[in-house]
$ cat work-v3.txt   # compact mmCIF, C-alpha atoms
# COMPACT_ATOMS: atom_id res chain seq x y z
CA MET A 733 0.00 0.00 0.00
CA ALA A 734 1.25 3.44 -0.90
CA TYR A 735 1.57 5.15 2.44
CA GLU A 736 3.29 8.30 1.23
CA ARG A 737 0.11 10.31 1.18
CA TYR A 738 -0.50 9.52 4.85
CA GLU A 739 3.09 10.20 5.94
CA ARG A 740 2.36 13.32 7.99
CA GLN A 741 -0.29 11.67 10.12
CA MET A 742 1.65 8.39 10.39
CA LEU A 743 4.54 10.36 11.89
CA LEU A 744 2.33 10.73 14.96
CA PRO A 745 2.99 7.87 17.37
CA GLU A 746 -0.76 7.84 18.12
CA ILE A 747 -1.40 6.74 14.53
CA GLY A 748 1.70 5.19 12.96
CA GLU A 749 1.52 2.28 10.52
CA GLU A 750 -0.83 0.29 12.73
CA GLY A 751 -3.30 3.15 13.01
CA GLN A 752 -3.17 3.65 9.26
CA GLU A 753 -3.98 -0.03 8.70
CA ARG A 754 -6.89 0.30 11.10
CA LEU A 755 -8.16 3.34 9.22
CA ARG A 756 -7.98 1.41 5.96
CA ALA A 757 -10.06 -1.37 7.52
CA ALA A 758 -12.62 1.03 9.01
CA ARG A 759 -16.16 1.42 7.68
CA VAL A 760 -17.86 4.68 8.65
CA LEU A 761 -21.39 5.85 7.87
CA VAL A 762 -21.94 9.60 7.52
CA VAL A 763 -25.60 10.56 7.77
CA GLY A 764 -26.06 13.84 5.91
CA VAL A 765 -23.63 15.44 3.46
CA GLY A 766 -24.38 19.07 4.18
CA GLY A 767 -22.62 21.49 6.51
CA LEU A 768 -21.26 18.93 8.96
CA GLY A 769 -21.02 16.10 6.42
CA THR A 770 -18.75 18.18 4.19
CA PRO A 771 -15.74 18.39 6.56
CA ILE A 772 -16.49 14.95 8.02
CA SER A 773 -16.41 13.18 4.65
CA LEU A 774 -13.52 15.25 3.28
CA TYR A 775 -11.23 14.70 6.27
CA LEU A 776 -12.12 11.04 6.72
CA SER A 777 -11.40 10.47 3.02
CA GLY A 778 -8.14 12.36 3.33
CA ALA A 779 -7.18 10.32 6.37
CA GLY A 780 -7.67 7.09 4.44
CA VAL A 781 -10.77 5.57 6.02
CA GLY A 782 -11.32 2.44 3.92
CA ARG A 783 -15.06 2.64 3.37
CA LEU A 784 -17.41 5.58 3.71
CA GLY A 785 -21.18 5.47 3.43
CA LEU A 786 -22.98 8.72 2.59
CA VAL A 787 -26.70 9.15 3.21
CA ASP A 788 -28.55 12.22 1.88
CA ASP A 789 -31.67 12.66 -0.23
CA ASP A 790 -31.07 16.36 -0.92
CA THR A 791 -29.84 18.26 -3.94
CA VAL A 792 -27.29 21.07 -3.86
CA GLY A 793 -28.81 24.53 -3.39
CA LEU A 794 -27.29 27.98 -3.76
CA THR A 795 -27.85 28.68 -0.04
CA ASN A 796 -25.69 25.62 0.78
CA LEU A 797 -22.50 26.90 -0.81
CA HIS A 798 -21.28 29.21 1.99
CA ARG A 799 -20.71 26.21 4.25
CA GLN A 800 -20.94 23.05 2.14
CA VAL A 801 -17.60 23.53 0.42
CA LEU A 802 -17.71 20.09 -1.19
CA TYR A 803 -19.99 21.71 -3.76
CA THR A 804 -19.56 24.47 -6.32
CA GLU A 805 -21.92 26.65 -8.34
CA ALA A 806 -21.81 24.09 -11.15
CA ASP A 807 -23.26 21.47 -8.79
CA VAL A 808 -26.46 23.35 -7.93
CA LYS A 809 -29.55 21.13 -8.34
CA LYS A 810 -27.45 17.94 -8.53
CA PRO A 811 -27.93 15.20 -5.92
CA LYS A 812 -25.48 15.78 -3.06
CA VAL A 813 -24.30 12.19 -2.69
CA ARG A 814 -23.58 11.93 -6.42
CA VAL A 815 -21.43 15.07 -6.40
CA ALA A 816 -19.82 14.17 -3.08
CA VAL A 817 -18.65 10.74 -4.25
CA GLU A 818 -16.89 12.33 -7.25
CA LYS A 819 -15.14 14.94 -5.10
CA LEU A 820 -14.10 12.42 -2.46
CA LYS A 821 -12.80 9.92 -5.02
CA ALA A 822 -10.83 12.74 -6.66
CA LEU A 823 -9.29 13.53 -3.28
CA ASN A 824 -8.49 9.89 -2.46
CA HIS A 825 -9.22 7.09 -4.93
CA GLU A 826 -8.30 4.50 -2.29
CA VAL A 827 -11.49 5.17 -0.34
CA GLU A 828 -14.56 3.11 -1.23
CA VAL A 829 -17.66 5.29 -1.09
CA ASP A 830 -21.21 3.91 -0.89
CA THR A 831 -24.06 6.31 -1.57
CA TYR A 832 -27.64 6.23 -0.35
CA ASP A 833 -29.70 8.94 -2.05
CA PHE A 834 -32.69 8.63 0.25
CA ARG A 835 -33.60 9.53 3.82
CA LEU A 836 -32.60 7.38 6.73
CA THR A 837 -35.80 6.11 8.33
CA GLN A 838 -36.97 3.82 11.08
CA GLU A 839 -37.49 1.16 8.39
CA ASN A 840 -34.10 1.26 6.63
CA ALA A 841 -31.74 2.45 9.38
CA ALA A 842 -30.86 -0.92 10.92
CA ASP A 843 -29.92 -2.43 7.55
CA ILE A 844 -27.71 0.51 6.53
CA VAL A 845 -26.06 1.05 9.93
CA GLY A 846 -25.38 -2.70 10.08
CA ARG A 847 -22.91 -2.41 7.19
CA TYR A 848 -20.58 -0.04 9.11
CA ASP A 849 -18.45 0.05 12.27
CA MET A 850 -19.61 3.44 13.48
CA VAL A 851 -21.94 6.27 12.56
CA VAL A 852 -21.29 10.00 12.29
CA ASP A 853 -24.37 12.16 12.63
CA ALA A 854 -24.44 15.09 10.23
CA CYS A 855 -28.20 15.28 9.80
CA ASP A 856 -30.43 18.30 10.31
CA ASN A 857 -33.35 17.16 12.47
CA TYR A 858 -34.18 15.63 15.85
CA ALA A 859 -36.28 12.74 14.50
CA THR A 860 -33.39 11.18 12.55
CA ARG A 861 -31.12 11.56 15.58
CA TYR A 862 -33.46 9.51 17.77
CA VAL A 863 -33.65 6.83 15.06
CA LEU A 864 -29.86 6.75 14.65
CA ASN A 865 -29.31 6.66 18.39
CA ASP A 866 -31.65 3.74 18.96
CA VAL A 867 -30.23 1.69 16.07
CA CYS A 868 -26.65 2.35 17.21
CA ALA A 869 -27.57 1.39 20.79
CA ALA A 870 -29.23 -1.83 19.58
CA GLN A 871 -26.23 -2.75 17.40
CA GLY A 872 -23.55 -1.58 19.84
CA LYS A 873 -22.08 0.89 17.33
CA PRO A 874 -20.50 4.18 18.37
CA TYR A 875 -22.71 7.14 17.45
CA VAL A 876 -20.75 10.35 16.94
CA TYR A 877 -23.35 13.02 17.58
CA GLY A 878 -22.94 16.58 16.33
CA ALA A 879 -25.30 19.52 15.90
CA ILE A 880 -24.96 23.21 15.07
CA GLU A 881 -26.94 26.42 15.09
CA GLY A 882 -25.66 29.90 14.44
CA PHE A 883 -22.23 30.17 16.03
CA CYS A 884 -22.72 27.27 18.44
CA GLY A 885 -22.07 23.57 18.20
CA GLN A 886 -22.00 20.41 20.27
CA VAL A 887 -20.41 16.97 19.89
CA ALA A 888 -20.62 13.77 21.94
CA VAL A 889 -20.04 10.05 21.43
CA PHE A 890 -22.90 7.77 22.41
CA CYS A 891 -23.64 4.02 22.38
CA ARG A 892 -19.98 3.00 22.32
CA THR A 893 -20.44 0.18 24.82
CA ALA A 894 -23.46 -1.47 26.41
CA GLY A 895 -23.26 0.89 29.40
CA SER A 896 -22.63 4.03 27.35
CA LYS A 897 -24.75 7.13 27.55
CA THR A 898 -27.10 7.74 24.63
CA TYR A 899 -28.70 10.72 22.90
CA ARG A 900 -31.71 10.08 25.12
CA ASP A 901 -29.59 10.83 28.21
CA LEU A 902 -28.88 14.26 26.71
CA TYR A 903 -32.39 14.96 25.41
CA PRO A 904 -34.79 12.45 27.01
CA ASP A 905 -38.08 13.92 25.84
CA GLU A 906 -38.47 12.81 22.22
CA ALA A 907 -42.11 13.90 22.03
CA ALA A 908 -41.20 17.43 23.17
CA PHE A 909 -38.38 17.63 20.63
CA ARG A 910 -40.64 16.51 17.81
CA ARG A 911 -43.03 19.32 18.82
CA MET A 912 -40.38 22.02 18.71
CA PRO A 913 -40.87 24.72 16.08
CA SER A 914 -38.77 24.74 12.92
CA PRO A 915 -35.20 25.54 13.90
CA PHE A 916 -33.53 28.84 13.09
CA LYS A 917 -31.53 28.31 9.90
CA GLY A 918 -28.88 30.99 10.42
CA VAL A 919 -25.36 29.60 10.58
CA VAL A 920 -21.85 30.60 9.54
CA GLY A 921 -19.82 28.11 7.53
CA MET A 922 -17.12 28.07 10.17
CA THR A 923 -19.44 26.58 12.78
CA ALA A 924 -20.04 23.58 10.54
CA ALA A 925 -16.32 23.34 9.75
CA VAL A 926 -15.17 23.40 13.38
CA VAL A 927 -17.84 21.02 14.68
CA GLY A 928 -17.59 18.59 11.73
CA CYS A 929 -13.81 18.38 12.15
CA VAL A 930 -14.19 17.58 15.86
CA GLN A 931 -16.61 14.78 14.93
CA ALA A 932 -14.24 13.40 12.28
CA HIS A 933 -11.39 13.45 14.77
CA GLU A 934 -13.43 11.47 17.32
CA VAL A 935 -13.64 8.80 14.60
CA LEU A 936 -9.86 8.84 14.19
CA LYS A 937 -9.40 8.52 17.98
CA MET A 938 -11.70 5.52 18.19
CA VAL A 939 -10.34 3.76 15.11
CA CYS A 940 -6.67 4.25 16.01
CA GLY A 941 -7.21 3.98 19.77
CA TYR A 942 -5.72 7.14 21.24
CA GLY A 943 -6.77 10.09 23.36
CA ASP A 944 -9.86 10.51 25.50
CA VAL A 945 -12.96 9.94 23.40
CA LEU A 946 -15.98 12.16 24.17
CA ASP A 947 -17.71 8.99 25.37
CA GLY A 948 -20.72 10.15 27.37
CA ARG A 949 -19.34 13.68 27.45
CA LEU A 950 -20.77 16.67 25.63
CA TRP A 951 -18.40 19.21 24.11
CA THR A 952 -19.93 22.58 23.38
CA VAL A 953 -18.51 25.67 21.74
CA ASP A 954 -19.73 29.21 21.09
CA LEU A 955 -17.54 30.73 18.39
CA ARG A 956 -18.61 34.29 19.33
CA THR A 957 -17.00 34.11 22.74
CA MET A 958 -14.84 31.00 22.19
CA GLN A 959 -16.33 29.65 25.38
CA SER A 960 -16.18 25.88 25.40
CA TYR A 961 -17.23 23.20 27.87
CA VAL A 962 -16.91 19.44 28.26
CA ILE A 963 -19.86 18.22 30.31
CA ASP A 964 -20.30 14.76 31.84
CA LEU A 965 -23.66 13.27 31.05
CA MET B 832 -26.12 34.68 46.11
CA LYS B 833 -23.53 34.79 43.35
CA VAL B 834 -23.25 31.95 40.86
CA TRP B 835 -21.44 31.55 37.56
CA LEU B 836 -23.71 31.36 34.55
CA ASN B 837 -22.11 30.41 31.23
CA GLY B 838 -18.84 31.86 32.44
CA LYS B 839 -20.25 35.10 33.88
CA GLU B 840 -20.76 35.86 37.55
CA VAL B 841 -24.39 36.75 38.23
CA GLU B 842 -26.51 37.55 41.29
CA THR B 843 -29.55 35.33 41.75
CA ALA B 844 -32.34 34.95 44.29
CA ALA B 845 -33.10 31.43 43.03
CA THR B 846 -32.45 28.59 45.47
CA SER B 847 -33.08 25.70 43.06
CA LEU B 848 -32.40 25.00 39.40
CA THR B 849 -36.10 25.18 38.59
CA LEU B 850 -36.35 28.65 40.19
CA LEU B 851 -33.23 29.73 38.31
CA THR B 852 -34.65 28.63 34.94
CA GLU B 853 -37.82 30.60 35.78
CA GLU B 854 -35.82 33.64 36.84
CA LEU B 855 -33.92 33.49 33.54
CA ASP B 856 -37.16 32.97 31.63
CA LEU B 857 -35.69 29.96 29.84
CA PRO B 858 -37.90 27.99 27.46
CA VAL B 859 -39.49 24.94 29.06
CA GLU B 860 -38.22 22.66 26.31
CA GLY B 861 -35.02 22.46 24.33
CA VAL B 862 -32.49 23.32 27.02
CA ALA B 863 -30.17 21.23 29.16
CA VAL B 864 -28.47 22.40 32.34
CA ALA B 865 -25.12 21.39 33.78
CA VAL B 866 -23.76 22.27 37.21
CA ASN B 867 -20.01 22.07 37.81
CA ASN B 868 -19.57 20.32 34.43
CA ARG B 869 -22.11 17.60 35.14
CA MET B 870 -25.50 17.40 33.43
CA VAL B 871 -28.48 17.62 35.76
CA PRO B 872 -31.57 15.80 34.43
CA ARG B 873 -34.68 17.94 34.29
CA SER B 874 -36.40 15.59 36.76
CA GLN B 875 -33.88 16.76 39.39
CA TRP B 876 -34.08 20.51 38.77
CA ALA B 877 -36.71 21.20 41.42
CA ASP B 878 -34.70 19.52 44.17
CA TYR B 879 -31.29 20.73 43.05
CA VAL B 880 -30.20 23.25 45.68
CA LEU B 881 -27.95 26.02 44.38
CA THR B 882 -24.99 27.05 46.44
CA GLU B 883 -22.71 30.08 46.34
CA GLY B 884 -20.22 30.05 43.49
CA VAL B 885 -21.46 27.02 41.53
CA HIS B 886 -20.75 26.97 37.80
CA ILE B 887 -23.93 26.60 35.79
CA VAL B 888 -24.00 26.05 32.03
CA ILE B 889 -27.19 26.37 30.04
CA ILE B 890 -27.05 24.37 26.82
CA LYS B 891 -29.51 25.15 24.09
CA ALA B 892 -30.49 22.17 21.98
CA ALA B 893 -29.54 22.42 18.33
CA CYS B 894 -30.46 20.26 15.38
CA GLY B 895 -28.69 21.84 12.43
CA GLY B 896 -26.16 19.94 10.39
$ encode --input "work-v3.txt" --output "structure tokens"
Amino acid sequence: MAYERYERQMLLPEIGEEGQERLRAARVLVVGVGGLGTPISLYLSGAGVGRLGLVDDDTVGLTNLHRQVLYTEADVKKPKVRVAVEKLKALNHEVEVDTYDFRLTQENAADIVGRYDMVVDACDNYATRYVLNDVCAAQGKPYVYGAIEGFCGQVAVFCRTAGSKTYRDLYPDEAAFRRMPSPFKGVVGMTAAVVGCVQAHEVLKMVCGYGDVLDGRLWTVDLRTMQSYVIDL
Amino acid sequence: MKVWLNGKEVETAATSLTLLTEELDLPVEGVAVAVNNRMVPRSQWADYVLTEGVHIVIIKAACGG
């Protein structure tokens, strides 16, 4: 295997040749290829994750481009997963990319999640997060949660082991969350970039086995003040 | 009593987390509260006694991606 492209990360003792082999063997599902999914899929492809699954039923819109830097003006109206797979393969042809151009639902989630080692949440609604959480808990797959609004973001890792905290420990009241009004859509691209990169790096930590994973801990950041917390759930 | 709220020192008359959320006029749904870097479930807010100098963080739920 040509390792030259990974040289700078393999120089890190936390990764090395063994970590790189583990990355090549890893299968990671990314749910949503929008603001968070853009940095997540780009950096995981760059890092040499062996297989990536991308789920998104959306097409590229002009209002996406300020933060979804996978896409360009020429991609507007094209299906996101179709454009994303081309961009990611151009970045790193060694990565196998599976695409699912439909929504993740209660009905199809178990089958799709079952094909991967862990799931990165880059979706844009509460309902999908509860579905993802429950399927990951049932299958014992790490669920790398991330969400953004405005200048703020949060990341946590759930469902990593049988005793792990879940999304329901953070937000127990699913019915109340389903009732919540449509979320405010304002966001700067940098919020998605920062939060998505933190999620992607939690994947690296778990695959290569270094650092302190945000297992049952919620990291929050407000980019206006740069105030940041790590909270035990 | 002085407590720390999202990194700022504030004066409060509230003696419990529930009273504090009312004093701050926080929405009933869509927020989580941590005290001294540990999440406090909503079911415990009413009985959670605030003490001088505790660090409280209000986390607003978000669902964007």
$ atom_distance --input "work-v3.txt" --atom1 "atom CA of A:Val889" --atom2 "atom CA of A:Thr860"
16.1 Å
$ interface_residues --input "work-v3.txt" --of "chain A" --to "chain B" --cutoff "6 Å" --atoms "all atoms listed in the file" --output "VMD selection string"
chain A and resid 767 to 768 854 to 858 879 to 881 963 to 965
$ atom_distance --input "work-v3.txt" --atom1 "atom CA of A:Val760" --atom2 "atom CA of A:Ser960"
27.1 Å
$ residues_around --input "work-v3.txt" --residues "B:Ala844" --least-positions-apart "5" --cutoff "10 Å" --atoms "all atoms listed in the file" --output "ChimeraX atom specification"
/B:832-833,850-851,854,881
$ atom_distance --input "work-v3.txt" --atom1 "atom CA of A:Pro811" --atom2 "atom CA of A:Pro874"
27.7 Å
$ residues_around --input "work-v3.txt" --residues "A:Ala888" --least-positions-apart "5" --cutoff "12 Å" --atoms "all atoms listed in the file" --output "number ranges by chain"
A: 852-853, 865, 874-879, 896-899, 901-902, 927-928, 930-935, 944-952, 961-965
$ residues_around --input "work-v3.txt" --residues "B:Ser847" --least-positions-apart "6" --cutoff "9 Å" --atoms "all atoms listed in the file" --output "PyMOL selection string"
chain B and resi 876-882
$ residues_around --input "work-v3.txt" --residues "A:Glu736" --least-positions-apart "6" --cutoff "12 Å" --atoms "only C-alpha atoms" --output "count of residues only"
6
$ residues_around --input "work-v3.txt" --residues "A:Lys810" --least-positions-apart "4" --cutoff "8 Å" --atoms "only C-alpha atoms" --output "PyMOL selection string"
chain A and resi 791-792+814-815
$ residues_near_point --input "work-v3.txt" --point "(-30.9, 9.8, -3.8)" --cutoff "7 Å" --atoms "all atoms listed in the file" --output "PyMOL selection string"
chain A and resi 788-789+811+832-834
$ build_atoms --input "work-v3.txt" --residues "stretch 835-864 of chain B" --atoms "N, CA and C atoms" --output "compact mmCIF listing (two decimals), in the frame of the given file"
# COMPACT_ATOMS: atom_id res chain seq x y z
N TRP B 835 -21.99 31.34 38.90
CA TRP B 835 -21.44 31.55 37.56
C TRP B 835 -22.41 30.98 36.55
N LEU B 836 -22.76 31.80 35.57
CA LEU B 836 -23.71 31.36 34.55
C LEU B 836 -23.07 31.52 33.18
N ASN B 837 -22.82 30.42 32.52
CA ASN B 837 -22.11 30.41 31.23
C ASN B 837 -20.88 31.32 31.28
N GLY B 838 -20.11 31.16 32.33
CA GLY B 838 -18.84 31.86 32.44
C GLY B 838 -18.91 33.26 33.02
N LYS B 839 -20.12 33.75 33.31
CA LYS B 839 -20.25 35.10 33.88
C LYS B 839 -20.80 35.02 35.29
N GLU B 840 -20.26 35.85 36.17
CA GLU B 840 -20.76 35.86 37.55
C GLU B 840 -22.05 36.66 37.59
N VAL B 841 -23.10 36.04 38.15
CA VAL B 841 -24.39 36.75 38.23
C VAL B 841 -24.96 36.61 39.64
N GLU B 842 -25.81 37.57 40.00
CA GLU B 842 -26.51 37.55 41.29
C GLU B 842 -27.86 36.90 41.07
N THR B 843 -28.24 35.96 41.90
CA THR B 843 -29.55 35.33 41.75
C THR B 843 -30.23 35.15 43.11
N ALA B 844 -31.56 35.22 43.09
CA ALA B 844 -32.34 34.95 44.29
C ALA B 844 -32.81 33.49 44.30
N ALA B 845 -32.59 32.80 43.16
CA ALA B 845 -33.10 31.43 43.03
C ALA B 845 -32.34 30.47 43.95
N THR B 846 -33.07 29.57 44.56
CA THR B 846 -32.45 28.59 45.47
C THR B 846 -32.39 27.19 44.85
N SER B 847 -33.13 27.00 43.75
CA SER B 847 -33.08 25.70 43.06
C SER B 847 -32.89 25.93 41.57
N LEU B 848 -32.57 24.86 40.85
CA LEU B 848 -32.40 25.00 39.40
C LEU B 848 -33.70 25.38 38.72
N THR B 849 -34.81 24.83 39.19
CA THR B 849 -36.10 25.18 38.59
C THR B 849 -36.36 26.68 38.73
N LEU B 850 -36.12 27.21 39.96
CA LEU B 850 -36.35 28.65 40.19
C LEU B 850 -35.40 29.48 39.33
N LEU B 851 -34.19 28.99 39.13
CA LEU B 851 -33.23 29.73 38.31
C LEU B 851 -33.71 29.78 36.85
N THR B 852 -34.19 28.64 36.34
CA THR B 852 -34.65 28.63 34.94
C THR B 852 -35.86 29.56 34.78
N GLU B 853 -36.68 29.67 35.84
CA GLU B 853 -37.82 30.60 35.78
C GLU B 853 -37.34 32.04 35.83
N GLU B 854 -36.37 32.29 36.71
CA GLU B 854 -35.82 33.64 36.84
C GLU B 854 -35.20 34.10 35.51
N LEU B 855 -34.58 33.16 34.80
CA LEU B 855 -33.92 33.49 33.54
C LEU B 855 -34.90 33.47 32.37
N ASP B 856 -36.13 33.05 32.67
CA ASP B 856 -37.16 32.97 31.63
C ASP B 856 -36.74 32.05 30.48
N LEU B 857 -36.14 30.93 30.85
CA LEU B 857 -35.69 29.96 29.84
C LEU B 857 -36.89 29.21 29.28
N PRO B 858 -36.81 28.80 28.01
CA PRO B 858 -37.90 27.99 27.46
C PRO B 858 -38.02 26.67 28.22
N VAL B 859 -39.25 26.17 28.30
CA VAL B 859 -39.49 24.94 29.06
C VAL B 859 -38.83 23.74 28.37
N GLU B 860 -38.80 23.78 27.05
CA GLU B 860 -38.22 22.66 26.31
C GLU B 860 -37.00 23.11 25.52
N GLY B 861 -36.13 22.15 25.22
CA GLY B 861 -35.02 22.46 24.33
C GLY B 861 -33.81 23.05 25.01
N VAL B 862 -33.72 22.92 26.34
CA VAL B 862 -32.49 23.32 27.02
C VAL B 862 -32.04 22.20 27.97
N ALA B 863 -30.74 22.14 28.17
CA ALA B 863 -30.17 21.23 29.16
C ALA B 863 -29.34 22.08 30.11
N VAL B 864 -29.21 21.61 31.34
CA VAL B 864 -28.47 22.40 32.34
C VAL B 864 -27.40 21.53 32.99
